[in-house]
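Content type mmCIF, C-alpha atoms, from the file coords-v3.cif:
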```cif
data_work
loop_
_atom_site.label_atom_id
_atom_site.label_comp_id
_atom_site.auth_asym_id
_atom_site.auth_seq_id
_atom_site.Cartn_x
_atom_site.Cartn_y
_atom_site.Cartn_z
CA MET F 192 56.21 -12.23 -56.36
CA SER F 193 53.23 -10.40 -54.90
CA ALA F 194 51.27 -13.64 -54.63
CA ILE F 195 54.18 -15.23 -52.85
CA ASN F 196 54.37 -12.34 -50.42
CA GLU F 197 50.69 -12.70 -49.60
CA LYS F 198 50.73 -16.48 -49.12
CA PRO F 199 54.36 -17.52 -48.70
CA THR F 200 53.60 -21.05 -47.54
CA GLY F 201 50.60 -21.74 -49.78
CA GLY F 202 49.74 -21.94 -53.44
CA ALA F 203 51.41 -23.54 -56.40
CA GLN F 204 54.87 -22.09 -55.78
CA ALA F 205 54.96 -23.49 -52.24
CA ARG F 206 53.96 -26.94 -53.42
CA ILE F 207 56.50 -26.93 -56.24
CA THR F 208 59.36 -25.71 -54.05
CA HIS F 209 58.64 -28.01 -51.11
CA LYS F 210 58.33 -31.01 -53.43
CA LYS F 211 61.80 -30.31 -54.83
CA ILE F 212 63.31 -29.95 -51.36
CA TYR F 213 61.70 -33.14 -50.08
CA ARG F 214 62.84 -35.08 -53.15
CA HIS F 215 66.44 -33.86 -53.27
CA LEU F 216 67.33 -33.11 -49.64
CA LEU F 217 65.39 -35.29 -47.22
CA PRO F 218 66.44 -38.75 -48.51
CA LEU F 219 70.15 -38.00 -48.02
CA LEU F 220 69.61 -36.53 -44.55
CA ILE F 221 67.39 -39.44 -43.50
CA VAL F 222 69.95 -42.02 -44.65
CA ALA F 223 72.69 -40.19 -42.73
CA TYR F 224 70.59 -40.25 -39.58
CA ILE F 225 69.70 -43.91 -40.07
CA ILE F 226 73.39 -44.79 -40.12
CA SER F 227 74.21 -42.59 -37.12
CA PHE F 228 71.44 -44.05 -34.98
CA ILE F 229 72.42 -47.61 -35.84
CA ASP F 230 76.01 -46.89 -34.84
CA ARG F 231 75.09 -45.31 -31.51
CA THR F 232 72.49 -47.89 -30.43
CA ASN F 233 73.77 -51.16 -31.90
CA ILE F 234 75.30 -52.06 -28.55
CA GLY F 235 71.75 -52.89 -27.46
CA MET F 236 71.80 -55.90 -29.79
CA ALA F 237 75.30 -56.83 -28.61
CA LYS F 238 74.46 -56.53 -24.90
CA ALA F 239 74.13 -60.23 -24.07
CA SER F 240 77.26 -61.61 -25.79
CA MET F 241 79.38 -58.50 -25.32
CA SER F 242 78.64 -58.33 -21.59
CA VAL F 243 79.81 -61.92 -21.17
CA ASP F 244 82.99 -61.44 -23.23
CA LEU F 245 83.97 -58.16 -21.54
CA GLY F 246 82.68 -58.89 -18.04
CA LEU F 247 80.06 -56.10 -18.02
CA SER F 248 77.28 -55.93 -15.44
CA ALA F 249 73.94 -54.38 -16.48
CA THR F 250 74.94 -51.20 -14.64
CA ALA F 251 78.34 -51.07 -16.38
CA PHE F 252 76.68 -51.65 -19.74
CA GLY F 253 74.16 -48.89 -19.04
CA LEU F 254 76.97 -46.55 -18.01
CA GLY F 255 78.89 -47.24 -21.22
CA ALA F 256 75.75 -46.76 -23.30
CA GLY F 257 75.07 -43.45 -21.59
CA LEU F 258 78.65 -42.14 -21.73
CA PHE F 259 78.14 -41.55 -25.42
CA PHE F 260 75.89 -38.65 -24.51
CA LEU F 261 78.40 -37.02 -22.17
CA THR F 262 80.83 -35.95 -24.89
CA TYR F 263 78.05 -35.77 -27.48
CA SER F 264 76.15 -33.19 -25.45
CA VAL F 265 79.17 -31.17 -24.30
CA LEU F 266 80.29 -30.62 -27.89
CA GLU F 267 76.85 -29.92 -29.38
CA ILE F 268 77.05 -26.13 -29.17
CA PRO F 269 80.53 -25.62 -30.69
CA SER F 270 79.70 -28.17 -33.37
CA ASN F 271 76.53 -26.33 -34.36
CA LEU F 272 78.31 -22.98 -34.40
CA PHE F 273 80.97 -24.45 -36.70
CA LEU F 274 78.25 -25.76 -39.00
CA ALA F 275 76.58 -22.36 -39.17
CA LYS F 276 79.95 -20.75 -39.95
CA ILE F 277 81.49 -23.09 -42.54
CA GLY F 278 78.38 -24.75 -43.98
CA ALA F 279 76.54 -28.04 -43.58
CA ARG F 280 78.27 -29.85 -46.44
CA ARG F 281 81.78 -29.75 -45.01
CA TRP F 282 80.85 -30.17 -41.36
CA ILE F 283 78.39 -33.05 -41.74
CA ALA F 284 80.90 -34.91 -43.96
CA ARG F 285 83.56 -34.45 -41.28
CA ILE F 286 81.22 -35.73 -38.58
CA MET F 287 80.37 -38.83 -40.60
CA ILE F 288 83.97 -39.80 -41.37
CA THR F 289 85.11 -39.56 -37.75
CA TRP F 290 82.11 -41.33 -36.23
CA GLY F 291 82.27 -44.09 -38.86
CA LEU F 292 85.92 -44.84 -38.15
CA ILE F 293 85.40 -44.84 -34.38
CA SER F 294 82.33 -47.05 -34.74
CA CYS F 295 84.47 -49.56 -36.62
CA ALA F 296 87.07 -49.36 -33.86
CA MET F 297 84.45 -50.46 -31.30
CA ALA F 298 85.30 -53.97 -32.53
CA PHE F 299 88.62 -53.75 -30.68
CA VAL F 300 87.43 -52.98 -27.14
CA THR F 301 88.79 -55.47 -24.60
CA GLY F 302 87.14 -54.59 -21.30
CA PRO F 303 84.96 -52.11 -19.42
CA TRP F 304 87.44 -49.22 -19.52
CA SER F 305 88.16 -49.43 -23.24
CA PHE F 306 84.39 -49.77 -23.77
CA TYR F 307 83.83 -46.54 -21.81
CA ALA F 308 86.62 -44.75 -23.71
CA MET F 309 85.30 -45.71 -27.13
CA ARG F 310 81.76 -44.66 -26.26
CA LEU F 311 83.09 -41.26 -25.17
CA LEU F 312 85.02 -40.91 -28.44
CA LEU F 313 82.00 -41.94 -30.48
CA GLY F 314 79.89 -39.29 -28.77
CA ALA F 315 82.51 -36.63 -29.46
CA ALA F 316 82.73 -37.63 -33.12
CA GLU F 317 78.99 -37.55 -33.74
CA ALA F 318 78.29 -34.39 -31.72
CA GLY F 319 76.22 -31.84 -33.58
CA LEU F 320 74.75 -34.05 -36.29
CA TYR F 321 71.13 -33.96 -35.13
CA PRO F 322 70.87 -30.31 -34.00
CA GLY F 323 72.97 -29.29 -36.99
CA ILE F 324 70.52 -30.85 -39.42
CA ILE F 325 67.55 -29.41 -37.52
CA TYR F 326 69.12 -25.95 -37.83
CA TYR F 327 69.91 -26.67 -41.50
CA LEU F 328 66.22 -27.39 -42.17
CA THR F 329 65.28 -23.92 -40.87
CA LEU F 330 67.19 -22.51 -43.87
CA TRP F 331 64.80 -24.30 -46.23
CA PHE F 332 61.35 -24.40 -44.61
CA GLY F 333 58.97 -21.88 -43.07
CA ARG F 334 57.20 -22.55 -39.80
CA GLU F 335 54.10 -24.25 -41.26
CA GLU F 336 56.17 -26.85 -43.08
CA ARG F 337 58.96 -27.21 -40.52
CA ALA F 338 57.31 -29.70 -38.14
CA LYS F 339 56.40 -31.95 -41.07
CA ALA F 340 59.95 -31.80 -42.44
CA THR F 341 61.42 -32.53 -39.01
CA GLY F 342 59.03 -35.44 -38.52
CA LEU F 343 60.07 -36.94 -41.85
CA PHE F 344 63.74 -36.51 -40.97
CA LEU F 345 63.18 -38.29 -37.65
CA LEU F 346 61.96 -41.30 -39.61
CA GLY F 347 65.68 -42.05 -39.75
CA VAL F 348 65.51 -43.20 -36.12
CA CYS F 349 62.58 -45.48 -36.87
CA PHE F 350 64.18 -46.95 -39.98
CA ALA F 351 67.45 -47.37 -38.06
CA ASN F 352 65.75 -49.61 -35.54
CA ILE F 353 63.62 -51.39 -38.13
CA ILE F 354 66.71 -52.15 -40.22
CA GLY F 355 69.40 -52.13 -37.55
CA ALA F 356 67.96 -54.66 -35.12
CA PRO F 357 67.49 -57.48 -37.66
CA LEU F 358 70.79 -56.57 -39.35
CA GLY F 359 72.56 -56.70 -36.00
CA GLY F 360 70.99 -60.08 -35.35
CA LEU F 361 72.32 -61.39 -38.65
CA LEU F 362 75.81 -60.00 -38.05
CA LEU F 363 75.93 -61.51 -34.58
CA ASN F 364 75.60 -64.89 -36.28
CA MET F 365 79.09 -64.32 -37.74
CA ASP F 366 80.46 -65.31 -34.35
CA GLY F 367 83.75 -67.20 -34.67
CA ILE F 368 84.59 -66.18 -38.26
CA ALA F 369 88.29 -65.21 -38.49
CA GLY F 370 88.49 -65.50 -34.72
CA TRP F 371 86.18 -62.54 -34.10
CA ALA F 372 83.09 -62.54 -31.95
CA GLY F 373 79.79 -61.70 -33.62
CA TRP F 374 79.56 -58.35 -31.87
CA GLN F 375 83.00 -57.38 -33.25
CA TRP F 376 81.86 -58.07 -36.79
CA MET F 377 78.68 -56.10 -36.17
CA PHE F 378 80.51 -52.98 -35.00
CA PHE F 379 83.11 -53.10 -37.77
CA ILE F 380 80.70 -53.69 -40.66
CA GLU F 381 78.07 -51.21 -39.45
CA GLY F 382 80.65 -48.42 -39.13
CA LEU F 383 81.72 -48.54 -42.78
CA PRO F 384 78.61 -46.99 -44.42
CA ALA F 385 79.09 -43.71 -42.52
CA VAL F 386 82.53 -43.23 -44.08
CA ALA F 387 81.25 -44.04 -47.56
CA LEU F 388 78.22 -41.73 -47.31
CA ALA F 389 80.40 -38.84 -46.08
CA PHE F 390 81.84 -38.47 -49.58
CA VAL F 391 78.34 -38.36 -51.07
CA VAL F 392 77.40 -35.59 -48.62
CA TRP F 393 80.55 -33.69 -49.54
CA ARG F 394 79.68 -33.78 -53.23
CA VAL F 395 75.91 -33.19 -53.34
CA LEU F 396 74.66 -31.43 -50.17
CA PRO F 397 74.08 -27.68 -50.78
CA ASP F 398 74.89 -25.32 -47.90
CA LYS F 399 71.88 -23.08 -48.61
CA PRO F 400 69.01 -22.78 -51.11
CA ALA F 401 70.97 -20.45 -53.41
CA ASP F 402 73.59 -23.21 -53.84
CA ALA F 403 71.07 -25.86 -54.91
CA LYS F 404 71.29 -26.46 -58.66
CA TRP F 405 67.92 -28.21 -58.60
CA LEU F 406 66.12 -25.03 -57.43
CA ASP F 407 65.31 -22.29 -59.92
CA LYS F 408 65.22 -18.54 -59.22
CA GLN F 409 61.53 -18.56 -58.26
CA ASP F 410 62.11 -21.35 -55.71
CA VAL F 411 64.97 -19.49 -54.04
CA GLU F 412 63.00 -16.25 -53.95
CA PHE F 413 60.05 -18.05 -52.40
CA ILE F 414 62.19 -19.52 -49.61
CA GLU F 415 63.96 -16.23 -48.89
CA THR F 416 60.69 -14.28 -48.92
CA THR F 417 59.02 -16.75 -46.58
CA LEU F 418 61.84 -16.71 -44.03
CA ALA F 419 62.21 -12.92 -44.19
CA ARG F 420 58.47 -12.41 -43.65
CA GLU F 421 58.42 -14.74 -40.67
CA ALA F 422 61.41 -12.95 -39.11
CA ARG F 423 59.59 -9.61 -39.46
CA GLU F 424 56.38 -10.99 -37.97
CA ALA F 425 58.26 -12.47 -35.02
CA ASN F 426 60.08 -9.15 -34.60
CA HIS F 427 63.46 -10.75 -34.07
CA ALA F 428 66.69 -10.38 -35.97
CA PRO F 429 69.68 -12.74 -36.20
CA SER F 430 71.69 -12.59 -32.99
CA SER F 431 74.98 -14.03 -31.78
CA PHE F 432 74.84 -16.97 -29.42
CA SER F 433 75.45 -16.80 -25.69
CA LEU F 434 74.43 -19.10 -22.86
CA LYS F 435 72.92 -16.14 -21.00
CA LYS F 436 70.58 -15.27 -23.87
CA ALA F 437 69.39 -18.85 -24.27
CA LEU F 438 69.04 -19.71 -20.60
CA ALA F 439 67.17 -16.47 -19.84
CA THR F 440 64.41 -17.51 -22.25
CA ARG F 441 61.50 -19.16 -20.43
CA VAL F 442 60.26 -21.09 -23.45
CA PHE F 443 63.72 -22.52 -24.01
CA LEU F 444 64.00 -23.80 -20.42
CA LEU F 445 60.59 -25.47 -20.60
CA LEU F 446 61.55 -27.16 -23.85
CA VAL F 447 64.72 -28.48 -22.17
CA LEU F 448 62.67 -30.07 -19.38
CA VAL F 449 60.25 -31.64 -21.82
CA TYR F 450 63.02 -32.91 -24.08
CA PHE F 451 64.93 -34.39 -21.12
CA THR F 452 62.01 -36.66 -20.21
CA HIS F 453 61.61 -37.64 -23.87
CA GLN F 454 65.25 -38.62 -24.35
CA PHE F 455 65.33 -40.60 -21.11
CA SER F 456 62.51 -42.76 -22.44
CA VAL F 457 63.71 -43.05 -26.05
CA TYR F 458 67.24 -44.17 -25.24
CA GLY F 459 66.29 -46.21 -22.20
CA LEU F 460 63.97 -48.23 -24.39
CA SER F 461 66.38 -48.29 -27.37
CA TYR F 462 69.23 -49.84 -25.39
CA PHE F 463 67.21 -52.23 -23.21
CA LEU F 464 64.35 -53.36 -25.46
CA PRO F 465 66.40 -56.14 -27.12
CA GLY F 466 67.30 -57.47 -23.67
CA ILE F 467 63.68 -57.29 -22.50
CA ILE F 468 62.53 -59.18 -25.60
CA GLY F 469 65.35 -61.69 -25.15
CA SER F 470 64.02 -62.51 -21.67
CA TRP F 471 60.70 -63.66 -23.13
CA GLY F 472 62.00 -67.04 -24.22
CA ASP F 473 64.62 -68.97 -26.15
CA LEU F 474 64.97 -66.60 -29.10
CA SER F 475 67.76 -66.35 -31.67
CA PRO F 476 69.52 -62.99 -32.22
CA LEU F 477 67.65 -62.61 -35.53
CA GLN F 478 64.29 -63.26 -33.85
CA VAL F 479 65.10 -60.70 -31.15
CA GLY F 480 66.06 -58.22 -33.86
CA LEU F 481 62.86 -58.74 -35.81
CA LEU F 482 60.68 -58.33 -32.71
CA THR F 483 62.66 -55.26 -31.66
CA ALA F 484 61.76 -53.64 -34.97
CA ILE F 485 58.00 -53.77 -34.32
CA PRO F 486 57.70 -50.73 -31.98
CA TRP F 487 59.87 -48.72 -34.36
CA ILE F 488 57.50 -49.44 -37.23
CA ALA F 489 54.83 -47.87 -35.02
CA ALA F 490 57.18 -44.94 -34.38
CA ALA F 491 57.61 -44.43 -38.13
CA CYS F 492 53.82 -44.34 -38.59
CA GLY F 493 53.47 -41.72 -35.86
CA GLY F 494 56.31 -39.64 -37.28
CA VAL F 495 54.62 -39.55 -40.69
CA LEU F 496 51.01 -39.07 -39.62
CA LEU F 497 51.04 -36.64 -36.69
CA PRO F 498 53.54 -33.72 -37.05
CA ARG F 499 51.65 -32.18 -39.99
CA PHE F 500 48.79 -31.32 -37.61
CA ALA F 501 51.00 -29.18 -35.35
CA ARG F 502 50.37 -25.97 -37.33
CA THR F 503 49.39 -23.67 -34.44
CA GLU F 504 50.89 -23.06 -31.05
CA GLY F 505 47.79 -24.23 -29.20
CA ARG F 506 47.54 -27.43 -31.19
CA SER F 507 51.27 -28.10 -30.76
CA ARG F 508 50.95 -27.70 -27.00
CA ARG F 509 47.97 -30.04 -26.81
CA MET F 510 49.72 -32.62 -28.97
CA LEU F 511 52.75 -32.52 -26.68
CA MET F 512 50.65 -33.03 -23.55
CA VAL F 513 48.55 -35.84 -24.99
CA GLY F 514 51.58 -37.44 -26.63
CA TYR F 515 53.47 -37.62 -23.34
CA LEU F 516 50.50 -39.14 -21.51
CA VAL F 517 50.08 -41.74 -24.26
CA MET F 518 53.79 -42.61 -23.98
CA ALA F 519 53.46 -42.99 -20.20
CA VAL F 520 50.45 -45.31 -20.52
CA GLY F 521 52.18 -47.41 -23.17
CA MET F 522 55.34 -47.71 -21.07
CA ALA F 523 53.29 -48.80 -18.06
CA ILE F 524 51.55 -51.47 -20.15
CA GLY F 525 54.92 -52.65 -21.45
CA SER F 526 56.24 -52.94 -17.91
CA THR F 527 53.41 -55.10 -16.59
CA GLY F 528 52.06 -57.20 -19.46
CA GLY F 529 53.10 -60.50 -20.92
CA PRO F 530 55.06 -60.58 -24.19
CA SER F 531 52.13 -59.83 -26.51
CA VAL F 532 50.60 -57.12 -24.32
CA ALA F 533 54.02 -55.62 -23.59
CA MET F 534 54.75 -55.38 -27.31
CA ILE F 535 51.49 -53.48 -27.80
CA GLY F 536 52.42 -51.15 -24.93
CA PHE F 537 55.90 -50.44 -26.29
CA SER F 538 54.43 -49.84 -29.75
CA VAL F 539 51.92 -47.34 -28.34
CA THR F 540 54.77 -45.49 -26.63
CA ALA F 541 56.95 -45.51 -29.74
CA PHE F 542 54.07 -44.25 -31.91
CA MET F 543 54.39 -40.85 -30.21
CA PHE F 544 58.20 -40.68 -29.91
CA PHE F 545 59.05 -38.66 -32.97
CA ALA F 546 55.77 -36.86 -33.41
CA VAL F 547 56.42 -35.00 -30.17
CA GLN F 548 60.15 -34.57 -30.84
CA SER F 549 59.49 -32.77 -34.12
CA ILE F 550 57.13 -30.40 -32.30
CA ILE F 551 59.69 -29.64 -29.59
CA PHE F 552 62.32 -28.55 -32.10
CA SER F 553 59.88 -26.59 -34.26
CA TRP F 554 59.34 -24.08 -31.45
CA LEU F 555 62.77 -22.43 -31.32
CA PRO F 556 62.72 -20.68 -34.74
CA SER F 557 59.67 -18.74 -33.56
CA ILE F 558 61.63 -16.98 -30.83
CA MET F 559 65.19 -16.66 -32.19
CA SER F 560 67.30 -16.82 -35.34
CA GLY F 561 70.87 -16.61 -36.66
CA SER F 562 73.74 -17.91 -34.57
CA LEU F 563 71.55 -17.72 -31.48
CA LEU F 564 69.19 -20.23 -33.07
CA ALA F 565 72.01 -22.53 -34.22
CA GLY F 566 73.67 -22.49 -30.81
CA SER F 567 70.36 -22.92 -28.99
CA PHE F 568 69.50 -25.99 -31.06
CA GLY F 569 72.80 -27.44 -29.86
CA LEU F 570 72.20 -26.38 -26.27
CA LEU F 571 68.66 -27.82 -26.28
CA ASN F 572 69.96 -31.13 -27.57
CA CYS F 573 72.90 -30.97 -25.14
CA LEU F 574 70.77 -30.48 -22.03
CA GLY F 575 67.98 -32.76 -23.17
CA LEU F 576 70.42 -35.55 -23.90
CA CYS F 577 71.30 -35.70 -20.22
CA GLY F 578 68.19 -37.86 -20.24
CA GLY F 579 69.85 -40.00 -22.91
CA PHE F 580 72.78 -40.52 -20.52
CA LEU F 581 70.70 -41.20 -17.41
CA GLY F 582 68.11 -43.43 -19.10
CA PRO F 583 70.34 -46.43 -19.89
CA PHE F 584 72.33 -45.98 -16.66
CA ILE F 585 69.26 -45.90 -14.39
CA LEU F 586 67.54 -48.75 -16.22
CA GLY F 587 70.72 -50.83 -15.88
CA ALA F 588 70.97 -50.05 -12.16
CA PHE F 589 67.33 -51.07 -11.63
CA GLU F 590 67.92 -54.33 -13.51
CA ASP F 591 70.97 -55.20 -11.37
CA ARG F 592 69.08 -54.51 -8.14
CA THR F 593 65.77 -56.15 -8.98
CA GLY F 594 66.69 -58.79 -11.53
CA SER F 595 63.95 -57.44 -13.82
CA ALA F 596 64.80 -55.74 -17.12
CA THR F 597 61.53 -53.75 -17.00
CA SER F 598 61.69 -52.41 -13.43
CA GLY F 599 63.40 -49.17 -14.43
CA LEU F 600 60.69 -48.34 -16.94
CA TRP F 601 58.46 -47.11 -14.10
CA PHE F 602 60.96 -44.31 -13.56
CA ALA F 603 60.43 -43.36 -17.21
CA VAL F 604 56.65 -43.43 -16.71
CA GLY F 605 56.94 -40.85 -13.92
CA LEU F 606 59.17 -38.60 -16.01
CA LEU F 607 56.76 -38.73 -18.95
CA VAL F 608 53.88 -37.61 -16.74
CA ILE F 609 56.03 -34.70 -15.56
CA GLY F 610 56.81 -33.90 -19.21
CA ALA F 611 53.08 -33.75 -19.99
CA LEU F 612 52.51 -31.26 -17.17
CA VAL F 613 55.44 -29.07 -18.25
CA ALA F 614 54.17 -29.07 -21.84
CA THR F 615 51.01 -27.26 -20.76
CA LEU F 616 53.15 -24.28 -19.68
CA ILE F 617 54.92 -23.70 -23.00
CA ARG F 618 53.81 -20.45 -24.61
CA SER F 619 55.77 -18.25 -26.98
CA ARG F 620 56.45 -14.78 -25.62
CA PRO F 621 59.10 -12.04 -25.79
CA ALA F 622 62.49 -13.32 -24.68
CA SER F 623 63.87 -11.04 -21.97
CA SER F 624 67.38 -12.06 -22.88
CA LEU F 625 67.20 -10.17 -26.17
CA ALA F 626 66.27 -6.77 -24.82
CA ALA F 627 69.53 -5.25 -26.02
CA GLY F 628 68.59 -5.82 -29.67
CA PRO F 629 65.45 -6.57 -31.66
CA VAL F 630 63.05 -8.39 -29.38
CA ALA F 631 62.70 -12.13 -29.99
CA ARG F 632 58.96 -12.44 -29.94
CA GLY F 633 57.22 -15.78 -30.17
CA GLU F 634 54.59 -16.57 -32.70
CA LYS F 635 52.22 -19.37 -33.44
CA ILE F 636 53.89 -22.38 -34.90
#
```

File written out as structure tokens:
Amino acid sequence: MSAINEKPTGGAQARITHKKIYRHLLPLLIVAYIISFIDRTNIGMAKASMSVDLGLSATAFGLGAGLFFLTYSVLEIPSNLFLAKIGARRWIARIMITWGLISCAMAFVTGPWSFYAMRLLLGAAEAGLYPGIIYYLTLWFGREERAKATGLFLLGVCFANIIGAPLGGLLLNMDGIAGWAGWQWMFFIEGLPAVALAFVVWRVLPDKPADAKWLDKQDVEFIETTLAREAREANHAPSSFSLKKALATRVFLLLVLVYFTHQFSVYGLSYFLPGIIGSWGDLSPLQVGLLTAIPWIAAACGGVLLPRFARTEGRSRRMLMVGYLVMAVGMAIGSTGGPSVAMIGFSVTAFMFFAVQSIIFSWLPSIMSGSLLAGSFGLLNCLGLCGGFLGPFILGAFEDRTGSATSGLWFAVGLLVIGALVATLIRSRPASSLAAGPVARGEKI
């Protein structure tokens, strides 16, 4: 154990333990996130036919797409606190069952108001999945491995779009079968896997390292020693959550601003990219789906290649700044170029999406822990996802007013530049909100 104490994230034990965690834990979490992202964004593929059948304008569609994030964000904090209290296995399984059933029920919407209502219910059902899993990963990985693990988990978003867009295109071709429209079949069929996977999560997901049958005693001791050492070095102890503690932390507020601009761009592009591609010519739903997958292949490459380099605070900060500027340039190219050039621009933007997101969420464990960390993950996602609400709504409003599906992307370009500037200000430091207890000091990531 002395060797582990000296180099808790290096050496043979680290490699052995991390390999086991990646092999047994990450595939299940990634598949769960793939399914969740398909179910929240599949309305992008259904936009054209669904809007006609339900009488939705681009603004109304954007509002419905964004309403998901209203209930999703409001319930993030209590959901994460429940997860920390009762364990990931039970809570994630519950989330998956409810969101899967509601996703299936999207097939029965009949107009704008039922569309809005179901999107609100879907957001409430899925609330807490992403920040809950991000918190869950902090129970398994130290700071040097955390950004890499988060980046791999975020591959679920990339795979969801790579798989989901073509799959949605295929399911839309079921139009007319049994009297259902293609979009109804798409919602119903794509909601079923979440319910099925929930029972797998219930049976095999361990709540903590000590519960994992595939870890031996040395693995568990390594993880516990690593996390305990990092808590001592950061000079913070587990603390209960409160809004005052989180919102009084400068680093936290800067991360919220950066994450807001990120989510505006990610979801604005997710919901409107199929429509933008559809405007390029007479394309079938399957062709639109296949073309929509291309930027997300680039996003998967970025998510795999880049987060592993964010091992120090300075490097993480520089990667955030450069990443946001690259996304802004790519979005600008996508807004002005013809189909081929635009696809390159969107792919450049997507390449940085989840590299920077993994860095954003790897910062919090350096300044807080315990219930404060769990709740703050939820609060960060809650406030940042306001961008997820506004992105589709603003892009839809721009499209209605200008007749161009890409006009609203310039708003995203401006926000990304602001995000790059804010990223330069992020530095870990003592959190004034924790003065009553052990000080939550920052450390290099």

Just the number, please: distance in Å from CA of Arg423 in chain F to CA of Gly569 in chain F, one decimal.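 Answer for the CA of Arg423 in chain F to CA of Gly569 in chain F separation: 24.2 Å.
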
Non-local contacts of range 449-463 of chain F (8 Å; all atoms listed in the file; under 2 positions in same chain excluded) as a PyMOL selection string: chain F and resi 232+234-236+256+445-447+465-467+544+548+551+571-572+574-583+586+596+600+603+606-607+609-611+613-614

Carefully work through the PyMOL selection byres ((chain F and resi 549) around 8) for this structure and note down the residues it includes, as a PDB file with C-alpha atoms, in the coordinates of the input.
```pdb
ATOM      1  CA  ALA F 338      57.310 -29.700 -38.140  1.00  0.00           C
ATOM      2  CA  LYS F 339      56.400 -31.950 -41.070  1.00  0.00           C
ATOM      3  CA  THR F 341      61.420 -32.530 -39.010  1.00  0.00           C
ATOM      4  CA  GLY F 342      59.030 -35.440 -38.520  1.00  0.00           C
ATOM      5  CA  LEU F 345      63.180 -38.290 -37.650  1.00  0.00           C
ATOM      6  CA  PRO F 498      53.540 -33.720 -37.050  1.00  0.00           C
ATOM      7  CA  PHE F 545      59.050 -38.660 -32.970  1.00  0.00           C
ATOM      8  CA  ALA F 546      55.770 -36.860 -33.410  1.00  0.00           C
ATOM      9  CA  VAL F 547      56.420 -35.000 -30.170  1.00  0.00           C
ATOM     10  CA  GLN F 548      60.150 -34.570 -30.840  1.00  0.00           C
ATOM     11  CA  ILE F 550      57.130 -30.400 -32.300  1.00  0.00           C
ATOM     12  CA  ILE F 551      59.690 -29.640 -29.590  1.00  0.00           C
ATOM     13  CA  PHE F 552      62.320 -28.550 -32.100  1.00  0.00           C
ATOM     14  CA  SER F 553      59.880 -26.590 -34.260  1.00  0.00           C
TER      15      SER F 553
END
```

The PyMOL selection byres ((chain F and resi 528-531) around 10) on the file shown: which residues, as an MDAnalysis selection string? chainID F and resid 467:468 470:472 523:527 532:536

To one decimal place, how far is CA of Ala385 in chain F from CA of Met287 in chain F in Å?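 CA of Ala385 in chain F sits 5.4 Å away from CA of Met287 in chain F.
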
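Between CA of Leu383 in chain F and CA of Thr289 in chain F the separation is 10.8 Å.
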
I'd like to see the residues matched by the PyMOL selection byres ((chain F and resi 393-399) around 8) on this file, and ideally I'd get them as a PDB file with C-alpha atoms, in the coordinates of the input.
```
ATOM      1  CA  LEU F 216      67.330 -33.110 -49.640  1.00  0.00           C
ATOM      2  CA  GLY F 278      78.380 -24.750 -43.980  1.00  0.00           C
ATOM      3  CA  ALA F 279      76.540 -28.040 -43.580  1.00  0.00           C
ATOM      4  CA  ARG F 280      78.270 -29.850 -46.440  1.00  0.00           C
ATOM      5  CA  ARG F 281      81.780 -29.750 -45.010  1.00  0.00           C
ATOM      6  CA  ALA F 284      80.900 -34.910 -43.960  1.00  0.00           C
ATOM      7  CA  LEU F 330      67.190 -22.510 -43.870  1.00  0.00           C
ATOM      8  CA  TRP F 331      64.800 -24.300 -46.230  1.00  0.00           C
ATOM      9  CA  ALA F 389      80.400 -38.840 -46.080  1.00  0.00           C
ATOM     10  CA  PHE F 390      81.840 -38.470 -49.580  1.00  0.00           C
ATOM     11  CA  VAL F 391      78.340 -38.360 -51.070  1.00  0.00           C
ATOM     12  CA  VAL F 392      77.400 -35.590 -48.620  1.00  0.00           C
ATOM     13  CA  PRO F 400      69.010 -22.780 -51.110  1.00  0.00           C
ATOM     14  CA  ALA F 401      70.970 -20.450 -53.410  1.00  0.00           C
ATOM     15  CA  ASP F 402      73.590 -23.210 -53.840  1.00  0.00           C
ATOM     16  CA  ALA F 403      71.070 -25.860 -54.910  1.00  0.00           C
TER      17      ALA F 403
END
```

Centre and edges of the range 342-352 of chain F box, axis-aligned, 4 Å extra per side, as lines of an AutoDock Vina configuration file:
```
center_x = 63.2
center_y = -42.5
center_z = -38.7
size_x = 16.4
size_y = 22.2
size_z = 14.3
```

For Leu346 in chain F, the nearest of the candidates F:Phe537, F:Tyr263, F:Trp405, F:Phe542, counting all atoms listed in the file: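 Answer, going by the shortest atom-to-atom distance: F:Phe542.
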
Every residue with an atom at most 6 Å from (69.6, -63.9, -38.6) (file coordinates; only C-alpha atoms) is what I'm after, so could you write them as a compact mmCIF listing (two decimals) with C-alpha atoms, keeping the file's coordinate frame?
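Output file result28.txt follows:
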```
# COMPACT_ATOMS: atom_id res chain seq x y z
CA GLY F 360 70.99 -60.08 -35.35
CA LEU F 361 72.32 -61.39 -38.65
CA LEU F 477 67.65 -62.61 -35.53
```

With all atoms listed in the file as the basis for distance, which of F:Met365, F:Leu511, F:Leu388, F:Ile283 is at the shortest distance from Pro476 in chain F?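 Under the stated criterion, the closest residue is F:Met365.
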
Protein and nucleic acid residues near (68.5, -44.4, -37.9) (cut-off 7 Å, only C-alpha atoms) as a VMD selection string: chain F and resid 224 to 229 347 to 352

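Ranking F:Gly319, F:Pro384, F:Pro218, F:Gly480 by their shortest atom-to-atom distance to Leu464 in chain F, with all atoms listed in the file included, puts F:Gly480 first.
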